[in-house]
>>> print(open('structure_14.pdb').read())   # PDB, C-alpha atoms
ATOM      1  CA  GLU G   1      13.593   9.647 -18.388
ATOM      2  CA  THR G   2      12.284  10.343 -14.887
ATOM      3  CA  VAL G   3       9.033   8.914 -13.531
ATOM      4  CA  ILE G   4       7.737   9.849 -10.079
ATOM      5  CA  LEU G   5       6.077   7.173  -7.946
ATOM      6  CA  LEU G   6       4.071   8.532  -4.996
ATOM      7  CA  LYS G   7       2.253   6.552  -2.310
ATOM      8  CA  THR G   8      -0.211   7.594   0.400
ATOM      9  CA  ASP G   9      -1.933   5.633   3.152
ATOM     10  CA  THR G  10      -5.399   6.556   1.910
ATOM     11  CA  ILE G  11      -8.482   4.739   0.692
ATOM     12  CA  PHE G  12      -7.821   5.533  -2.974
ATOM     13  CA  SER G  13      -5.957   7.791  -5.377
ATOM     14  CA  ASN G  14      -7.423  10.164  -7.936
ATOM     15  CA  ASP G  15      -6.348  11.010 -11.496
ATOM     16  CA  ALA G  16      -7.407  14.646 -11.192
ATOM     17  CA  ILE G  17      -5.056  15.161  -8.257
ATOM     18  CA  ALA G  18      -2.197  13.348 -10.018
ATOM     19  CA  LEU G  19      -2.690  15.631 -13.033
ATOM     20  CA  ALA G  20      -2.605  18.686 -10.761
ATOM     21  CA  VAL G  21       0.723  17.502  -9.344
ATOM     22  CA  GLU G  22       2.081  17.047 -12.877
ATOM     23  CA  GLU G  23       1.073  20.619 -13.747
ATOM     24  CA  ARG G  24       2.891  22.005 -10.721
ATOM     25  CA  LEU G  25       6.038  20.046 -11.525
ATOM     26  CA  GLY G  26       6.101  21.272 -15.102
ATOM     27  CA  PRO G  27       5.625  20.043 -18.689
ATOM     28  CA  SER G  28       8.489  17.554 -18.510
ATOM     29  CA  PHE G  29       6.469  15.475 -16.025
ATOM     30  CA  ALA G  30       3.271  15.244 -18.050
ATOM     31  CA  GLY G  31       2.111  11.622 -17.842
ATOM     32  CA  LYS G  32       5.027  10.711 -15.557
ATOM     33  CA  VAL G  33       3.455  10.963 -12.091
ATOM     34  CA  VAL G  34       2.028   7.751 -10.631
ATOM     35  CA  TRP G  35       0.060   8.037  -7.394
ATOM     36  CA  ALA G  36      -0.677   4.800  -5.524
ATOM     37  CA  SER G  37      -2.746   4.346  -2.371
ATOM     38  CA  SER G  38      -2.815   1.670   0.311
ATOM     39  CA  HIS G  39      -6.638   1.426   0.317
ATOM     40  CA  SER G  40      -6.724   1.631   4.103
ATOM     41  CA  HIS G  41     -10.330   1.569   5.276
ATOM     42  CA  THR G  42      -9.365   3.593   8.353
ATOM     43  CA  ALA G  43      -7.739   6.559   6.600
ATOM     44  CA  PRO G  44      -9.074  10.078   5.924
ATOM     45  CA  GLU G  45     -10.622  11.053   2.585
ATOM     46  CA  GLN G  46     -12.860  13.889   1.358
ATOM     47  CA  TYR G  47     -10.175  15.003  -1.129
ATOM     48  CA  SER G  48     -11.874  13.593  -4.233
ATOM     49  CA  SER G  49     -14.601  15.354  -6.211
ATOM     50  CA  ASP G  50     -15.640  12.019  -7.761
ATOM     51  CA  LEU G  51     -19.268  11.674  -6.697
ATOM     52  CA  LYS G  52     -19.365   7.876  -6.685
ATOM     53  CA  LEU G  53     -16.332   7.692  -4.399
ATOM     54  CA  GLN G  54     -17.954  10.111  -1.960
ATOM     55  CA  VAL G  55     -20.487   7.414  -1.085
ATOM     56  CA  GLY G  56     -17.874   5.715   1.074
ATOM     57  CA  GLY G  57     -15.347   8.507   1.466
ATOM     58  CA  GLY G  58     -17.471  11.433   2.545
ATOM     59  CA  GLU G  59     -18.431  14.791   1.110
ATOM     60  CA  PHE G  60     -15.793  16.646  -0.894
ATOM     61  CA  ARG G  61     -13.793  19.311   0.944
ATOM     62  CA  GLN G  62     -11.721  21.742  -1.089
ATOM     63  CA  ARG G  63      -9.145  22.167   1.682
ATOM     64  CA  ASN G  64      -8.530  18.399   1.765
ATOM     65  CA  HIS G  65      -8.145  18.374  -2.013
ATOM     66  CA  ASP G  66      -5.688  21.291  -1.962
ATOM     67  CA  ALA G  67      -3.735  19.849   0.969
ATOM     68  CA  MET G  68      -3.290  16.544  -0.860
ATOM     69  CA  ILE G  69      -1.926  18.279  -3.951
ATOM     70  CA  ASP G  70       0.411  20.362  -1.769
ATOM     71  CA  VAL G  71       1.896  17.406   0.103
ATOM     72  CA  LEU G  72       2.242  15.215  -2.998
ATOM     73  CA  THR G  73       3.976  18.014  -4.890
ATOM     74  CA  ALA G  74       6.324  18.772  -2.001
ATOM     75  CA  THR G  75       7.170  15.081  -1.623
ATOM     76  CA  ALA G  76       7.880  14.759  -5.343
ATOM     77  CA  ARG G  77      10.168  17.776  -5.303
ATOM     78  CA  SER G  78      12.035  16.437  -2.266
ATOM     79  CA  ALA G  79      12.559  13.115  -4.024
ATOM     80  CA  LEU G  80      13.815  14.811  -7.181
ATOM     81  CA  ALA G  81      16.279  16.870  -5.147
ATOM     82  CA  ALA G  82      17.562  13.774  -3.315
ATOM     83  CA  ARG G  83      18.299  11.652  -6.395
ATOM     84  CA  VAL G  84      21.564   9.694  -6.460
ATOM     85  CA  PRO G  85      22.928   7.073  -8.874
ATOM     86  CA  ALA G  86      21.338   3.735  -8.035
ATOM     87  CA  ARG G  87      20.778   0.139  -9.095
ATOM     88  CA  ILE G  88      17.463  -1.674  -9.274
ATOM     89  CA  GLY G  89      16.609  -5.339  -8.856
ATOM     90  CA  LEU G  90      13.310  -7.123  -9.439
ATOM     91  CA  ALA G  91      11.968 -10.426  -8.117
ATOM     92  CA  ALA G  92       8.546 -12.075  -7.909
ATOM     93  CA  ARG G  93       6.725 -15.279  -7.052
ATOM     94  CA  THR G  94       3.219 -16.470  -7.891
ATOM     95  CA  ASP G  95       2.770 -19.003  -5.076
ATOM     96  CA  PHE G  96       2.772 -16.718  -2.046
ATOM     97  CA  ASP G  97       0.819 -17.746   1.068
ATOM     98  CA  LEU G  98      -0.976 -20.781  -0.317
ATOM     99  CA  ALA G  99      -1.794 -21.798   3.283
ATOM    100  CA  ASP G 100      -3.724 -18.540   3.900
ATOM    101  CA  GLN G 101      -1.642 -17.399   6.871
ATOM    102  CA  VAL G 102      -1.427 -13.820   5.588
ATOM    103  CA  SER G 103      -4.642 -13.483   3.608
ATOM    104  CA  TYR G 104      -7.676 -15.391   2.421
ATOM    105  CA  ASP G 105     -10.343 -15.300  -0.279
ATOM    106  CA  ARG G 106     -12.777 -12.471   0.428
ATOM    107  CA  ARG G 107     -15.872 -13.280  -1.656
ATOM    108  CA  PRO G 108     -17.243 -16.749  -2.392
ATOM    109  CA  GLU G 109     -19.686 -15.279  -4.918
ATOM    110  CA  ASN G 110     -17.067 -15.250  -7.691
ATOM    111  CA  ASP G 111     -15.570 -18.682  -7.025
ATOM    112  CA  ASP G 112     -17.357 -20.061 -10.097
ATOM    113  CA  LEU G 113     -14.830 -18.111 -12.162
ATOM    114  CA  PHE G 114     -12.174 -20.495 -10.838
ATOM    115  CA  GLY G 115     -14.043 -23.750 -11.229
ATOM    116  CA  GLY G 116     -15.895 -23.435  -7.922
ATOM    117  CA  ALA G 117     -12.747 -23.206  -5.779
ATOM    118  CA  ALA G 118     -11.839 -20.340  -3.464
ATOM    119  CA  ARG G 119      -9.173 -18.265  -5.179
ATOM    120  CA  LYS G 120      -7.112 -15.254  -4.169
ATOM    121  CA  ASP G 121      -4.209 -13.373  -5.669
ATOM    122  CA  THR G 122      -0.995 -15.199  -4.713
ATOM    123  CA  TYR G 123       1.442 -12.798  -6.388
ATOM    124  CA  LEU G 124       4.238 -11.228  -4.369
ATOM    125  CA  GLY G 125       6.644  -8.858  -6.061
ATOM    126  CA  MET G 126       9.690  -6.933  -4.909
ATOM    127  CA  ILE G 127      11.468  -3.863  -6.264
ATOM    128  CA  ARG G 128      14.824  -3.326  -4.611
ATOM    129  CA  VAL G 129      16.802  -0.117  -5.044
ATOM    130  CA  ASP G 130      20.383   0.209  -3.770
ATOM    131  CA  THR G 131      22.986   2.901  -4.126
ATOM    132  CA  ILE G 132      25.819   2.230  -6.544
ATOM    133  CA  ALA G 133      27.925   1.372  -3.495
ATOM    134  CA  GLY G 134      25.399  -1.310  -2.502
ATOM    135  CA  ALA G 135      23.675   0.413   0.430
ATOM    136  CA  PRO G 136      19.898  -0.171   0.698
ATOM    137  CA  LEU G 137      17.989   2.832  -0.596
ATOM    138  CA  ALA G 138      14.376   1.723  -1.168
ATOM    139  CA  VAL G 139      12.282  -1.414  -0.726
ATOM    140  CA  VAL G 140       9.014  -1.715  -2.651
ATOM    141  CA  PRO G 141       6.997  -4.886  -1.958
ATOM    142  CA  VAL G 142       3.950  -5.509  -4.147
ATOM    143  CA  LEU G 143       1.211  -7.538  -2.463
ATOM    144  CA  GLY G 144      -2.548  -7.558  -2.822
ATOM    145  CA  ASN G 145      -4.191  -7.542   0.606
ATOM    146  CA  HIS G 146      -7.212  -5.467   1.589
ATOM    147  CA  ALA G 147      -6.115  -2.898   4.173
ATOM    148  CA  ALA G 148      -9.139  -3.676   6.318
ATOM    149  CA  ILE G 149      -7.983  -5.830   9.211
ATOM    150  CA  LEU G 150      -9.575  -3.217  11.478
ATOM    151  CA  SER G 151     -13.329  -2.686  11.329
ATOM    152  CA  ASP G 152     -15.178   0.524  10.535
ATOM    153  CA  TRP G 153     -15.733   0.958  14.270
ATOM    154  CA  VAL G 154     -12.149   2.032  14.922
ATOM    155  CA  GLY G 155     -12.003   5.602  16.196
ATOM    156  CA  LEU G 156      -8.502   6.477  14.965
ATOM    157  CA  PHE G 157      -6.727   6.761  11.635
ATOM    158  CA  SER G 158      -4.630   3.713  10.776
ATOM    159  CA  THR G 159      -2.323   2.533   8.005
ATOM    160  CA  ASP G 160      -3.648  -0.989   8.706
ATOM    161  CA  VAL G 161      -1.671  -4.000   7.410
ATOM    162  CA  THR G 162       0.060  -2.080   4.620
ATOM    163  CA  GLY G 163       1.646   0.242   7.159
ATOM    164  CA  ALA G 164       2.724  -2.742   9.232
ATOM    165  CA  TYR G 165       4.573  -4.195   6.236
ATOM    166  CA  ALA G 166       6.482  -0.935   5.776
ATOM    167  CA  ARG G 167       7.373  -0.501   9.454
ATOM    168  CA  LEU G 168       8.560  -4.076   9.892
ATOM    169  CA  ILE G 169      10.729  -3.933   6.775
ATOM    170  CA  GLU G 170      12.267  -0.668   7.995
ATOM    171  CA  GLU G 171      13.221  -2.433  11.236
ATOM    172  CA  GLU G 172      15.246  -4.968   9.258
ATOM    173  CA  PHE G 173      17.870  -2.328   8.402
ATOM    174  CA  ASP G 174      20.428  -0.488  10.515
ATOM    175  CA  THR G 175      20.240   2.655   8.369
ATOM    176  CA  PRO G 176      17.181   4.577   7.128
ATOM    177  CA  VAL G 177      15.541   3.060   4.061
ATOM    178  CA  THR G 178      12.447   4.137   2.166
ATOM    179  CA  VAL G 179       9.773   1.434   2.171
ATOM    180  CA  MET G 180       6.704   1.760  -0.043
ATOM    181  CA  HIS G 181       4.222  -1.105  -0.081
ATOM    182  CA  LEU G 182       2.253  -1.130  -3.329
ATOM    183  CA  GLN G 183      -1.234  -2.577  -3.261
ATOM    184  CA  GLY G 184      -1.791  -5.467  -5.674
ATOM    185  CA  ALA G 185      -4.992  -7.223  -6.697
ATOM    186  CA  GLY G 186      -6.413  -7.057  -3.176
ATOM    187  CA  GLY G 187     -10.079  -6.526  -4.012
ATOM    188  CA  ASP G 188     -10.940 -10.175  -3.363
ATOM    189  CA  VAL G 189      -8.406 -10.676  -0.565
ATOM    190  CA  LEU G 190      -8.730 -10.020   3.178
ATOM    191  CA  PRO G 191      -5.899 -10.042   5.756
ATOM    192  CA  GLU G 192      -5.752 -13.035   8.076
ATOM    193  CA  SER G 193      -5.548 -12.810  11.864
ATOM    194  CA  VAL G 194      -5.964 -15.246  14.736
ATOM    195  CA  ARG G 195      -8.039 -12.594  16.537
ATOM    196  CA  HIS G 196     -10.817 -11.715  14.119
ATOM    197  CA  LEU G 197     -13.332  -9.218  15.422
ATOM    198  CA  ALA G 198     -16.999 -10.162  15.377
ATOM    199  CA  ILE G 199     -18.191  -7.463  12.981
ATOM    200  CA  PRO G 200     -20.264  -5.517  13.751
ATOM    201  CA  ASP G 201     -20.412  -5.904  17.514
ATOM    202  CA  GLY G 202     -20.787  -2.207  18.332
ATOM    203  CA  ARG G 203     -17.534  -1.837  20.251
ATOM    204  CA  PRO G 204     -14.588   0.335  19.205
ATOM    205  CA  ASP G 205     -11.997  -1.807  17.442
ATOM    206  CA  ASN G 206      -8.608  -0.730  18.798
ATOM    207  CA  ASP G 207      -6.714  -4.008  18.400
ATOM    208  CA  PHE G 208      -3.967  -2.532  16.253
ATOM    209  CA  GLY G 209      -1.746  -5.491  17.111
ATOM    210  CA  ARG G 210      -3.559  -7.499  14.454
ATOM    211  CA  SER G 211      -1.810  -5.453  11.769
ATOM    212  CA  GLU G 212       1.616  -6.273  13.196
ATOM    213  CA  GLU G 213       0.653  -9.915  13.582
ATOM    214  CA  ASN G 214      -0.285 -10.044   9.908
ATOM    215  CA  GLY G 215       2.878  -8.212   8.906
ATOM    216  CA  ARG G 216       5.133 -10.591  10.797
ATOM    217  CA  ALA G 217       3.509 -13.519   9.004
ATOM    218  CA  ALA G 218       4.380 -11.938   5.644
ATOM    219  CA  MET G 219       7.866 -10.740   6.563
ATOM    220  CA  PRO G 220       9.965 -13.898   5.912
ATOM    221  CA  ALA G 221       8.712 -14.190   2.329
ATOM    222  CA  MET G 222       9.145 -10.471   1.692
ATOM    223  CA  MET G 223      12.721 -10.367   2.937
ATOM    224  CA  ALA G 224      13.607 -13.555   1.055
ATOM    225  CA  LEU G 225      12.350 -11.884  -2.107
ATOM    226  CA  TRP G 226      14.390  -8.770  -1.276
ATOM    227  CA  THR G 227      17.472 -10.993  -1.179
ATOM    228  CA  ALA G 228      16.480 -12.574  -4.503
ATOM    229  CA  ALA G 229      16.061  -9.113  -6.030
ATOM    230  CA  GLY G 230      19.617  -8.332  -4.918
ATOM    231  CA  ALA G 231      20.915 -11.406  -6.711
ATOM    232  CA  ALA G 232      19.081 -10.299  -9.862
ATOM    233  CA  MET G 233      20.630  -6.854  -9.459
ATOM    234  CA  GLN G 234      24.107  -8.352  -9.319
ATOM    235  CA  ALA G 235      23.441 -10.386 -12.438
ATOM    236  CA  SER G 236      22.064  -7.478 -14.497
TER     237      SER G 236
END
>>> encode(input="structure_14.pdb", output="structure tokens")
Amino acid sequence: ETVILLKTDTIFSNDAIALAVEERLGPSFAGKVVWASSHSHTAPEQYSSDLKLQVGGGEFRQRNHDAMIDVLTATARSALAARVPARIGLAARTDFDLADQVSYDRRPENDDLFGGAARKDTYLGMIRVDTIAGAPLAVVPVLGNHAAILSDWVGLFSTDVTGAYARLIEEEFDTPVTVMHLQGAGGDVLPESVRHLAIPDGRPDNDFGRSEENGRAAMPAMMALWTAAGAAMQAS
């Protein structure tokens, strides 16, 4: 059974668009297309007809909607055509970043749910996919962290911290590897940085280095979990 996992660096995904992709791919993919988003606050939108999401994402544009379906469908078809026999390994930990070097609790208003203490999601997961021969094929870290290290004043599109995770993991390998960060329970989590912007201060926020700084803080734990997922793969 084949399931297609798609990911975009956008503010959110949309079931209507995922269903449209399924229809283009054919009946055998009904209910088997999963579309994830990074929730970057500095990414384009206007592809969703959901009125409540337009409050933050902007007025619906049909051409954006159609373009999203086109690119997701084309990407899915490319992935299906490139399939090779592979092995998969899984690993996870529930005590990631307890010292708040990568992220921190976003809202104190809900701390009473945890006995009055600040609480964030400390789950870090890893899906590792290798070829049968053992060559790295895909790396899928799962971490909840709001993709909002840049403020709304930034004048350019950005993949924010989630894109930094993907780029830095790619640099760990000598051959091309597909990296897809999946957003976890990041609603109550904000990315940490030693250079926080005073928001709002009215100036354009172009300090993209904060994303890389955050990514480098997360990288040792992510790569250690990738190694652990490989050990689980060998044992399966």
>>> atom_distance(input="structure_14.pdb", atom1="atom CA of G:Gly31", atom2="atom CA of G:Leu143")
24.6 Å
>>> closest_atom_pairs(input="structure_14.pdb", of="stretch 16-101 of chain G", to="stretch 177-191 of chain G", cutoff="9 Å", atoms="only C-alpha atoms", output="Markdown table")
| residue | atom | partner | partner_atom | distance |
| --- | --- | --- | --- | --- |
| G:Ala36 | CA | G:Leu182 | CA | 7.0 |
| G:Ser37 | CA | G:Gln183 | CA | 7.1 |
| G:Ser38 | CA | G:Gln183 | CA | 5.8 |
| G:His39 | CA | G:Gln183 | CA | 7.6 |
| G:Asp100 | CA | G:Pro191 | CA | 9.0 |
| G:Gln101 | CA | G:Pro191 | CA | 8.6 |
>>> write_last_selection(input="structure_14.pdb", atoms="C-alpha atoms", output="PDB file, keeping the file's coordinate frame")
ATOM      1  CA  ALA G  36      -0.677   4.800  -5.524  1.00  0.00           C
ATOM      2  CA  SER G  37      -2.746   4.346  -2.371  1.00  0.00           C
ATOM      3  CA  SER G  38      -2.815   1.670   0.311  1.00  0.00           C
ATOM      4  CA  HIS G  39      -6.638   1.426   0.317  1.00  0.00           C
ATOM      5  CA  ASP G 100      -3.724 -18.540   3.900  1.00  0.00           C
ATOM      6  CA  GLN G 101      -1.642 -17.399   6.871  1.00  0.00           C
TER       7      GLN G 101
END
>>> atom_distance(input="structure_14.pdb", atom1="atom CA of G:Gly115", atom2="atom CA of G:Ala99")
19.1 Å
>>> residues_around(input="structure_14.pdb", residues="stretch 59-65 of chain G", least_positions_apart="6", cutoff="10 Å", atoms="all atoms listed in the file", output="list in words")
Ala16, Ile17, Pro44, Glu45, Gln46, Tyr47, Ser48, Ser49, Asp50, Leu51 and Leu53 of chain G
>>> closest_residue(input="structure_14.pdb", among="G:Thr227, G:Thr175, G:Ser158, G:Thr94", to="G:Gly209", atoms="all atoms listed in the file")
G:Ser158
>>> atom_distance(input="structure_14.pdb", atom1="atom CA of G:Leu5", atom2="atom CA of G:Thr122")
23.7 Å
>>> closest_residue(input="structure_14.pdb", among="G:Met222, G:Ala232, G:Val33, G:Ala82", to="G:Tyr123", atoms="all atoms listed in the file")
G:Met222
>>> closest_residue(input="structure_14.pdb", among="G:Arg107, G:Ala135, G:His146, G:Arg167", to="G:Phe12", atoms="all atoms listed in the file")
G:His146
>>> resolve_selection(input="structure_14.pdb", expression="the PyMOL selection byres ((chain G and resi 211) around 12)", output="PyMOL selection string")
chain G and resi 40+102-103+145-151+158-168+190-196+206-210+212-218
>>> closest_residue(input="structure_14.pdb", among="G:Leu124, G:Leu113, G:Ala224, G:Ile169", to="G:Asp95", atoms="only C-alpha atoms")
G:Leu124
>>> closest_residue(input="structure_14.pdb", among="G:Ile4, G:Ala18, G:Val129, G:Val142", to="G:Ile69", atoms="all atoms listed in the file")
G:Ala18
>>> axis_aligned_box(input="structure_14.pdb", around="stretch 40-49 of chain G", padding_each_side="3 Å", output="lines of an AutoDock Vina configuration file")
center_x = -10.7
center_y = 8.5
center_z = 1.1
size_x = 13.9
size_y = 19.8
size_z = 20.6
>>> residues_around(input="structure_14.pdb", residues="G:Trp35", least_positions_apart="4", cutoff="8 Å", atoms="all atoms listed in the file", output="PyMOL selection string")
chain G and resi 5-8+13-14+18
>>> residues_around(input="structure_14.pdb", residues="G:Ala92", least_positions_apart="4", cutoff="7 Å", atoms="all atoms listed in the file", output="number ranges by chain")
G: 124-126, 225
>>> write_last_selection(input="structure_14.pdb", atoms="C-alpha atoms", output="JSON list (two decimals), in the coordinates of the input")
[["chain", "number", "residue", "atom", "x", "y", "z"],
["G", 124, "LEU", "CA", 4.24, -11.23, -4.37],
["G", 125, "GLY", "CA", 6.64, -8.86, -6.06],
["G", 126, "MET", "CA", 9.69, -6.93, -4.91],
["G", 225, "LEU", "CA", 12.35, -11.88, -2.11]]
>>> closest_residue(input="structure_14.pdb", among="G:Asp130, G:Asp97, G:Glu170, G:Asp112", to="G:Gly144", atoms="only C-alpha atoms")
G:Asp97
